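Heads up, start.tsv below (TSV, C-alpha atoms):
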chain	number	residue	atom	x	y	z
J	30	MET	CA	-72.59	24.36	10.17
J	31	SER	CA	-70.89	27.03	8.02
J	32	ASN	CA	-71.61	27.81	4.37
J	33	ARG	CA	-67.94	27.61	3.38
J	34	SER	CA	-66.84	25.61	0.37
J	35	TRP	CA	-63.98	23.14	0.81
J	36	PHE	CA	-61.36	21.57	-1.41
J	37	TYR	CA	-59.55	18.32	-0.64
J	38	ALA	CA	-56.56	16.52	-2.18
J	39	SER	CA	-56.91	13.04	-3.62
J	40	ASN	CA	-54.08	11.30	-5.54
J	41	GLY	CA	-52.24	14.61	-5.75
J	42	GLN	CA	-55.25	16.24	-7.42
J	43	GLN	CA	-57.42	19.07	-6.12
J	44	GLN	CA	-61.08	18.05	-5.64
J	45	GLY	CA	-63.88	20.55	-5.15
J	46	PRO	CA	-65.22	22.97	-4.24
J	47	HIS	CA	-67.71	21.10	-2.04
J	48	PRO	CA	-70.18	22.59	0.44
J	49	GLU	CA	-69.23	21.77	4.01
J	50	ALA	CA	-72.23	19.44	4.32
J	51	GLN	CA	-70.96	17.42	1.36
J	52	LEU	CA	-67.42	17.33	2.75
J	53	ARG	CA	-68.73	16.00	6.05
J	54	ASP	CA	-70.64	13.35	4.13
J	55	LEU	CA	-67.39	12.34	2.41
J	56	ILE	CA	-65.76	12.11	5.84
J	57	THR	CA	-68.58	9.90	7.12
J	58	ARG	CA	-68.22	7.62	4.11
J	59	GLY	CA	-64.46	7.38	4.62
J	60	MET	CA	-63.51	9.12	1.37
J	61	VAL	CA	-61.90	11.96	3.33
J	62	GLY	CA	-59.87	10.94	6.38
J	63	THR	CA	-57.89	12.63	9.12
J	64	ASP	CA	-54.75	12.68	6.96
J	65	THR	CA	-56.47	14.07	3.85
J	66	LEU	CA	-55.30	17.58	2.97
J	67	VAL	CA	-58.12	20.16	2.86
J	68	TRP	CA	-58.43	23.88	2.19
J	69	THR	CA	-61.12	26.55	2.49
J	70	GLU	CA	-61.11	30.28	1.88
J	71	GLY	CA	-59.08	32.17	4.47
J	72	MET	CA	-56.62	29.36	5.21
J	73	SER	CA	-52.94	30.06	4.60
J	74	GLY	CA	-52.36	26.64	3.08
J	75	TRP	CA	-53.48	23.04	2.88
J	76	GLN	CA	-53.90	21.24	6.22
J	77	ARG	CA	-54.75	17.75	7.40
J	78	ALA	CA	-58.49	17.41	7.98
J	79	GLY	CA	-57.74	15.94	11.41
J	80	ASP	CA	-55.96	19.16	12.43
J	81	ILE	CA	-59.09	21.26	11.96
J	82	PRO	CA	-61.29	21.31	15.07
J	83	GLY	CA	-64.77	19.94	14.61
J	84	LEU	CA	-64.25	18.74	11.05
J	85	VAL	CA	-63.21	15.16	11.73
J	86	PRO	CA	-64.01	13.37	15.01
J	87	GLY	CA	-60.90	13.49	17.16
J	88	GLY	CA	-59.37	16.40	15.24
J	89	SER	CA	-57.11	18.89	16.97
J	90	GLY	CA	-55.32	22.16	16.40
J	91	PRO	CA	-56.66	25.33	14.79
J	92	PRO	CA	-56.54	25.91	11.02
J	93	SER	CA	-54.24	28.71	9.88
J	94	PHE	CA	-56.11	31.55	8.19
J	95	ALA	CA	-54.57	34.35	6.18
J	96	GLN	CA	-54.78	33.68	2.46
J	97	PRO	CA	-57.86	34.87	0.52
J	98	GLY	CA	-58.81	33.76	-2.98
J	99	GLY	CA	-58.56	30.27	-4.46
J	100	PRO	CA	-56.66	27.33	-3.00
J	101	PRO	CA	-52.90	27.18	-3.42
J	102	PRO	CA	-51.55	24.34	-5.56
J	103	VAL	CA	-51.65	21.00	-3.81
J	104	ALA	CA	-48.30	20.48	-2.06
J	105	ALA	CA	-47.39	24.11	-2.61
J	106	GLY	CA	-43.73	24.79	-2.13
J	107	GLY	CA	-42.42	22.43	-4.77
J	108	TYR	CA	-40.36	19.75	-3.11
J	109	GLY	CA	-41.13	20.80	0.46
J	110	GLY	CA	-41.60	18.20	3.12
J	111	GLY	CA	-44.73	16.72	4.60
J	112	ALA	CA	-46.37	13.48	5.62
J	113	LEU	CA	-47.68	10.95	3.16
J	114	SER	CA	-51.34	10.00	3.24
J	115	ILE	CA	-53.47	7.34	1.60
J	116	ASP	CA	-57.00	7.67	0.30
J	117	VAL	CA	-58.57	4.20	0.30
J	118	GLY	CA	-62.21	3.26	0.37
J	119	LEU	CA	-63.41	0.83	2.99
J	120	TRP	CA	-64.56	-1.97	0.69
J	121	PRO	CA	-62.04	-1.50	-2.13
J	122	LEU	CA	-59.20	-1.95	0.37
J	123	LEU	CA	-60.78	-5.09	1.79
J	124	GLY	CA	-61.43	-6.46	-1.68
J	125	TRP	CA	-57.87	-5.87	-2.87
J	126	ALA	CA	-56.43	-7.33	0.34
J	127	LEU	CA	-58.50	-10.52	-0.08
J	128	LEU	CA	-57.58	-10.73	-3.77
J	129	PHE	CA	-53.90	-10.38	-2.89
J	130	ILE	CA	-54.08	-13.17	-0.30
J	131	ILE	CA	-56.02	-15.50	-2.61
J	132	GLY	CA	-53.64	-14.81	-5.50
J	133	MET	CA	-50.65	-15.72	-3.34
J	134	LEU	CA	-52.32	-18.91	-2.13
J	135	LEU	CA	-53.08	-19.97	-5.69
J	136	VAL	CA	-49.39	-19.29	-6.58
J	137	ILE	CA	-49.73	-19.10	-10.40
J	138	PRO	CA	-51.67	-15.80	-10.50
J	139	ALA	CA	-49.43	-14.28	-7.81
J	140	PRO	CA	-47.31	-12.07	-10.15
J	141	TRP	CA	-50.38	-10.51	-11.75
J	142	VAL	CA	-52.36	-10.08	-8.54
J	143	ALA	CA	-49.37	-8.57	-6.69
J	144	THR	CA	-48.54	-6.17	-9.53
J	145	TYR	CA	-52.07	-4.82	-9.85
J	146	PHE	CA	-52.43	-4.59	-6.09
J	147	TYR	CA	-49.28	-2.45	-5.91
J	148	ARG	CA	-50.53	-0.30	-8.79
J	149	TRP	CA	-53.80	0.31	-6.99
J	150	ILE	CA	-52.32	1.03	-3.55
J	151	VAL	CA	-49.62	3.37	-4.93
J	152	SER	CA	-52.23	5.27	-6.96
J	153	ARG	CA	-54.07	5.98	-3.71
J	154	LEU	CA	-50.98	7.47	-2.05
J	155	TYR	CA	-50.61	11.23	-1.75
J	156	VAL	CA	-46.94	12.20	-1.80
J	157	PRO	CA	-46.19	15.92	-1.26
J	158	GLY	CA	-44.82	17.45	-4.44
J	159	ARG	CA	-45.42	14.29	-6.49
J	160	PRO	CA	-48.81	14.54	-8.23
J	161	ASN	CA	-50.32	11.47	-9.90
J	162	PHE	CA	-48.01	9.12	-8.06
J	163	ALA	CA	-48.00	5.73	-9.76
J	164	PHE	CA	-46.36	2.32	-9.97
J	165	ASN	CA	-45.43	1.03	-13.43
J	166	GLY	CA	-44.03	-2.43	-12.78
J	167	GLN	CA	-45.07	-5.32	-15.02
J	168	PRO	CA	-46.26	-8.76	-13.82
J	169	LEU	CA	-43.44	-10.62	-15.55
J	170	ASP	CA	-40.63	-8.36	-14.30
J	171	ILE	CA	-39.90	-10.58	-11.29
J	172	TRP	CA	-42.59	-13.25	-11.69
J	173	TYR	CA	-40.34	-15.91	-10.17
J	174	VAL	CA	-40.15	-13.94	-6.91
J	175	PHE	CA	-43.91	-13.93	-6.45
J	176	ILE	CA	-44.18	-17.60	-7.41
J	177	ALA	CA	-41.59	-18.38	-4.73
J	178	ILE	CA	-43.43	-16.23	-2.16
J	179	GLY	CA	-46.66	-18.07	-2.99
J	180	ILE	CA	-45.01	-21.45	-2.55
J	181	LEU	CA	-43.48	-20.39	0.78
J	182	THR	CA	-46.96	-19.65	2.16
J	183	TYR	CA	-47.40	-23.41	2.45
J	184	VAL	CA	-44.15	-24.01	4.31
J	185	GLY	CA	-45.80	-23.14	7.62
J	186	SER	CA	-48.05	-26.17	7.33
J	187	ALA	CA	-45.12	-28.53	6.82
J	188	ASP	CA	-43.99	-30.81	9.64
J	189	LEU	CA	-40.33	-30.20	8.85
J	190	TYR	CA	-39.37	-27.50	11.33
J	191	TYR	CA	-35.91	-26.97	9.84
J	192	LEU	CA	-37.65	-26.05	6.57
J	193	GLN	CA	-39.70	-23.38	8.36
J	194	TYR	CA	-36.56	-21.84	9.84
J	195	LEU	CA	-34.80	-21.96	6.47
J	196	SER	CA	-37.72	-20.11	4.90
J	197	ILE	CA	-37.11	-17.04	7.11
J	198	PRO	CA	-33.98	-15.76	5.30
J	199	ILE	CA	-35.42	-16.87	1.94
J	200	GLN	CA	-38.58	-14.83	2.55
J	201	ALA	CA	-36.44	-11.88	3.59
J	202	VAL	CA	-34.42	-11.96	0.36
J	203	LEU	CA	-37.61	-12.22	-1.70
J	204	SER	CA	-39.15	-9.26	0.13
J	205	TRP	CA	-35.93	-7.30	-0.42
J	206	MET	CA	-36.20	-7.97	-4.16
J	207	VAL	CA	-39.82	-6.77	-4.17
J	208	ILE	CA	-38.92	-3.50	-2.42
J	209	ARG	CA	-36.14	-2.83	-4.92
J	210	TRP	CA	-38.53	-3.56	-7.81
J	211	VAL	CA	-41.26	-1.29	-6.45
J	212	ALA	CA	-38.85	1.58	-5.76
J	213	ALA	CA	-37.39	1.35	-9.28
J	214	ASN	CA	-40.80	1.56	-10.95
J	215	LEU	CA	-42.38	4.63	-9.38
J	216	SER	CA	-43.48	7.64	-11.41
J	217	SER	CA	-45.10	11.05	-11.02
J	218	ASN	CA	-47.21	12.69	-13.73
J	219	GLY	CA	-46.19	9.89	-16.06
J	220	GLN	CA	-42.46	10.53	-15.60
J	221	PRO	CA	-40.25	7.81	-14.06
J	222	LEU	CA	-38.63	8.79	-10.78
J	223	PRO	CA	-34.92	8.04	-10.19
J	224	ILE	CA	-35.64	6.29	-6.92
J	225	ALA	CA	-33.72	3.25	-5.74
J	226	PHE	CA	-33.59	1.16	-2.60
J	227	ASN	CA	-29.94	0.44	-1.90
J	228	GLY	CA	-30.14	-1.42	1.39
J	229	SER	CA	-28.17	-4.66	1.28
J	230	ALA	CA	-29.82	-8.07	1.11
J	231	LEU	CA	-27.73	-9.20	4.09
J	232	GLY	CA	-28.90	-6.21	6.14
J	233	TYR	CA	-32.52	-6.93	5.26
J	234	VAL	CA	-32.14	-10.57	6.27
J	235	GLY	CA	-30.60	-9.44	9.54
J	236	TRP	CA	-33.60	-7.26	10.35
J	237	GLN	CA	-35.99	-10.09	9.48
J	238	VAL	CA	-34.17	-12.50	11.79
J	239	LEU	CA	-34.03	-9.89	14.56
J	240	LEU	CA	-37.77	-9.39	14.22
J	241	TYR	CA	-38.44	-13.08	14.74
J	242	LEU	CA	-36.11	-13.18	17.74
J	243	SER	CA	-37.74	-10.09	19.26
J	244	PHE	CA	-41.05	-11.90	19.71
J	245	ILE	CA	-39.39	-13.67	22.65
J	246	THR	CA	-39.64	-10.34	24.50
J	247	ILE	CA	-43.44	-10.17	23.86
J	248	VAL	CA	-43.41	-6.44	23.01
J	249	GLY	CA	-39.90	-5.75	21.71
J	250	TRP	CA	-40.91	-6.46	18.11
J	251	ALA	CA	-42.61	-3.05	17.88
J	252	TRP	CA	-39.30	-1.24	18.46
J	253	VAL	CA	-37.57	-3.55	15.99
J	254	VAL	CA	-40.21	-2.73	13.35
J	255	THR	CA	-39.71	0.99	14.01
J	256	ALA	CA	-35.92	0.75	13.66
J	257	TRP	CA	-36.28	-1.46	10.58
J	258	MET	CA	-38.56	1.06	8.85
J	259	ARG	CA	-36.04	3.82	9.56
J	260	TRP	CA	-33.24	1.70	8.13
J	261	ILE	CA	-35.29	1.17	4.96
J	262	CYS	CA	-35.95	4.92	4.71
J	263	ARG	CA	-32.25	5.75	5.10
J	264	ASN	CA	-31.46	3.49	2.17
J	265	ILE	CA	-33.89	5.11	-0.29
J	266	ASP	CA	-31.81	7.15	-2.72
J	267	GLY	CA	-32.40	9.26	-5.82
J	268	THR	CA	-34.79	11.77	-4.23
J	269	HIS	CA	-34.40	15.49	-3.56
J	270	ARG	CA	-35.73	14.83	-0.07
J	271	GLU	CA	-35.10	12.17	2.51
J	272	VAL	CA	-37.80	9.74	3.56
J	273	ILE	CA	-38.36	9.43	7.30
J	274	PHE	CA	-40.47	7.20	9.53
J	275	THR	CA	-41.92	9.15	12.43
J	276	ALA	CA	-43.81	6.57	14.51
J	277	SER	CA	-42.47	5.48	17.88
J	278	GLY	CA	-42.20	1.90	19.05
J	279	LEU	CA	-45.00	2.48	21.54
J	280	GLU	CA	-47.33	3.78	18.82
J	281	VAL	CA	-46.59	0.78	16.62
J	282	LEU	CA	-47.20	-1.52	19.59
J	283	TRP	CA	-50.58	-0.31	20.78
J	284	ARG	CA	-52.04	0.33	17.34
J	285	THR	CA	-50.99	-3.09	16.08
J	286	LEU	CA	-52.43	-4.78	19.18
J	287	VAL	CA	-55.73	-2.92	18.75
J	288	PHE	CA	-55.80	-3.93	15.09
J	289	VAL	CA	-55.11	-7.62	15.82
J	290	ILE	CA	-57.54	-7.88	18.73
J	291	ALA	CA	-60.34	-6.15	16.80
J	292	CYS	CA	-59.80	-8.42	13.79
J	293	ILE	CA	-60.37	-11.47	15.99
J	294	PHE	CA	-64.04	-10.46	16.04
J	295	ILE	CA	-64.14	-10.59	12.18
J	296	ILE	CA	-66.79	-7.88	11.65
J	297	PRO	CA	-64.50	-4.89	12.42
J	298	ILE	CA	-61.85	-6.07	9.91
J	299	PRO	CA	-62.71	-3.64	7.05
J	300	TRP	CA	-62.73	-0.61	9.35
J	301	MET	CA	-59.61	-1.64	11.23
J	302	LEU	CA	-57.76	-2.43	8.01
J	303	ARG	CA	-58.39	1.05	6.64
J	304	TRP	CA	-57.64	2.71	10.00
J	305	TYR	CA	-54.32	0.92	10.28
J	306	ALA	CA	-53.34	1.50	6.63
J	307	GLN	CA	-54.10	5.23	6.83
J	308	TRP	CA	-52.18	5.62	10.07
J	309	TYR	CA	-49.18	3.62	8.85
J	310	ALA	CA	-48.92	5.58	5.60
J	311	SER	CA	-49.07	8.87	7.53
J	312	GLN	CA	-46.00	7.86	9.55
J	313	PHE	CA	-43.83	8.17	6.47
J	314	ALA	CA	-42.85	11.71	5.56
J	315	LEU	CA	-40.54	13.66	3.29
J	316	ALA	CA	-38.07	16.20	4.67
J	317	GLU	CA	-35.41	18.38	3.13
J	318	ARG	CA	-32.11	16.56	3.28
J	319	GLY	CA	-30.10	17.52	6.33
J	320	THR	CA	-33.19	18.49	8.34
J	321	LEU	CA	-32.74	15.66	10.83
J	322	ALA	CA	-29.02	16.25	11.11
J	323	ASN	CA	-29.62	19.89	11.96
J	324	ALA	CA	-32.47	19.21	14.39
Step by step, read the file and then write its structure as C-alpha cells.
Amino acid sequence: MSNRSWFYASNGQQQGPHPEAQLRDLITRGMVGTDTLVWTEGMSGWQRAGDIPGLVPGGSGPPSFAQPGGPPPVAAGGYGGGALSIDVGLWPLLGWALLFIIGMLLVIPAPWVATYFYRWIVSRLYVPGRPNFAFNGQPLDIWYVFIAIGILTYVGSADLYYLQYLSIPIQAVLSWMVIRWVAANLSSNGQPLPIAFNGSALGYVGWQVLLYLSFITIVGWAWVVTAWMRWICRNIDGTHREVIFTASGLEVLWRTLVFVIACIFIIPIPWMLRWYAQWYASQFALAERGTLANA
C-alpha cells in the first residue's frame, strides 16, 4: 500500500487529503464508490475511483499522471462534460426510501416526505461544473399532485380493472408534473438554475403506455426505458450543456433483473439499492451541445 494522500469529491466539494489506508476504509464503508471522483499527486486530473486499478474492486484503466502540486478544482474546465455520480450511504438511502414509501401510503404526509426526499437525494448528486447542487422546492408547491399519487397507490388493490387501466395515464401526467417541478427548482451554490423540462404531457403519457405494453415482450421494456430516458434528456432545456443517457437496453435489462432477484431475498436490499442507484445516476452525463451531432 502506498503512502500517497488522496482527495475525493463529495457534493461538488473537495474532501481530503486522506492517507490511502483511510481512503480504502471509506471505500469499504461505501462512502467512496466506483463513480466517486478522486485525485492524488501526479495525476493530470480527477478520475473515477473505479478507473484506477487496485483502488476499488473491479476497477479498470490506468490513472493519468502528469500534474504535480495540489488537486485541480473539482470539475475543472468550467462547464465541461462528464458523468453524474451519487454519494449515498447504505443505511441513509434505505431509510429515506422506506420513509418515502410510507409517506406515500399514508397520503397526507406525502408532499412533505417527497419534498425532503428529493432535497436529500439531489444534495447527494455530483454534477460536473455545478458545485453544491440542491433542490429548493417547497412541500406545498404541488401538494395536490403528491396527494393524488398517494391515493393512486391503492388503486391496484381495487377490483375494478377499468379503474386500474385509467390510472395509467393519470399516473403519467402526475409524474410529468413532478419532473417539471423538480427541474424548475434546482440550484447550484445557492443560485437558481434556469433549467426546464419541456417534454409534452401527451408524449410522457405515450411513453408510459408503451412501457406497460412492452412487458408483453418479457424483455422489451428495458429498451423502452432506455429510449424514454433519452427522450426526457432531449427535452431538458436552459443548460449550457446537453444531458445524455448512456446506458444500453441490455445494461438496463440485466442490472434491473439482478436487482429484482436479489431483493427477493430481502437481506441484500440495502446493498442492491445503493448499487443500482449509483449505477443509474452514472448513466446520465453532461456533454457540450452538438457533441452527439458531430460524433
Please provide the set of residues having any atom within 8 Å of stretch 165-181 of chain J, restricted to only C-alpha atoms, with same-chain residues fewer than 2 positions apart removed, written as an mmCIF file with C-alpha atoms, in the coordinates of the input.
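Below you can see out.cif, which holds the result:
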data_model
loop_
_atom_site.group_PDB
_atom_site.id
_atom_site.type_symbol
_atom_site.label_atom_id
_atom_site.label_comp_id
_atom_site.auth_asym_id
_atom_site.auth_seq_id
_atom_site.Cartn_x
_atom_site.Cartn_y
_atom_site.Cartn_z
ATOM 1 C CA MET J 133 -50.650 -15.720 -3.340
ATOM 2 C CA LEU J 134 -52.320 -18.910 -2.130
ATOM 3 C CA LEU J 135 -53.080 -19.970 -5.690
ATOM 4 C CA VAL J 136 -49.390 -19.290 -6.580
ATOM 5 C CA ILE J 137 -49.730 -19.100 -10.400
ATOM 6 C CA ALA J 139 -49.430 -14.280 -7.810
ATOM 7 C CA PRO J 140 -47.310 -12.070 -10.150
ATOM 8 C CA TRP J 141 -50.380 -10.510 -11.750
ATOM 9 C CA ALA J 143 -49.370 -8.570 -6.690
ATOM 10 C CA THR J 144 -48.540 -6.170 -9.530
ATOM 11 C CA ARG J 148 -50.530 -0.300 -8.790
ATOM 12 C CA ALA J 163 -48.000 5.730 -9.760
ATOM 13 C CA TYR J 183 -47.400 -23.410 2.450
ATOM 14 C CA VAL J 184 -44.150 -24.010 4.310
ATOM 15 C CA GLY J 185 -45.800 -23.140 7.620
ATOM 16 C CA SER J 196 -37.720 -20.110 4.900
ATOM 17 C CA GLN J 200 -38.580 -14.830 2.550
ATOM 18 C CA LEU J 203 -37.610 -12.220 -1.700
ATOM 19 C CA MET J 206 -36.200 -7.970 -4.160
ATOM 20 C CA VAL J 207 -39.820 -6.770 -4.170
ATOM 21 C CA TRP J 210 -38.530 -3.560 -7.810
ATOM 22 C CA VAL J 211 -41.260 -1.290 -6.450
ATOM 23 C CA ASN J 214 -40.800 1.560 -10.950
ATOM 24 C CA LEU J 215 -42.380 4.630 -9.380
ATOM 25 C CA SER J 216 -43.480 7.640 -11.410
#
TODO: Would you mind reading off the distance between atom CA of J:Pro157 and atom CA of J:Trp68, one decimal, in Å?
DONE: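 Between atom CA of J:Pro157 and atom CA of J:Trp68 the gap works out to 15.0 Å.
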Task: Neighbour list for stretch 295-302 of chain J as a PyMOL selection string, cut-off 8 Å, all atoms listed in the file, skip fewer than 5 positions in-chain - done: chain J and resi 119-120+122-123+288
Tell me, as a short mmCIF file (atom, residue, chain, number, x, y, z; two decimals) with C-alpha atoms, keeping the file's coordinate frame, which residues lie within 9 Å of J:Phe146, counting all atoms listed in the file; anything in the same chain fewer than 6 positions away does not count.
data_model
loop_
_atom_site.label_atom_id
_atom_site.label_comp_id
_atom_site.auth_asym_id
_atom_site.auth_seq_id
_atom_site.Cartn_x
_atom_site.Cartn_y
_atom_site.Cartn_z
CA TRP J 125 -57.87 -5.87 -2.87
CA ALA J 126 -56.43 -7.33 0.34
CA LEU J 128 -57.58 -10.73 -3.77
CA PHE J 129 -53.90 -10.38 -2.89
#
Task: Distance query J:Phe313 at most 9 Å, only C-alpha atoms, self and fewer than 6 positions along chain excluded, as a list in words - done: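 Result of the neighbour search: Gly111, Ala112, Leu113, Ser114, Cys262, Val272, Ile273, Phe274, Thr275 and Ala276 of chain J.
We find atom CA of J:Gly158 and atom CA of J:Gln43 to be spaced 12.8 Å apart.
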- [ ] Can you work out the spacing between atom CA of J:Gly219 and atom CA of J:Phe36 in Å, to one decimal?
- [x]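 Rounded to one decimal, the two atoms are 24.1 Å apart.
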TODO: Excluding J:Asn227 and residues on its chain fewer than 2 positions from it, collect all residues at most 12 Å away from it, counting all atoms listed in the file, and give them as an MDAnalysis selection string.
DONE: chainID J and resid 205:206 208:210 212:213 224:225 229:233 260:267
Open item on the list: Restricting the calculation to all atoms listed in the file: of J:Asp80, J:Asp54, J:Glu70, J:Asp64, which residue gets closest to J:Leu154?
Closed with: J:Asp64
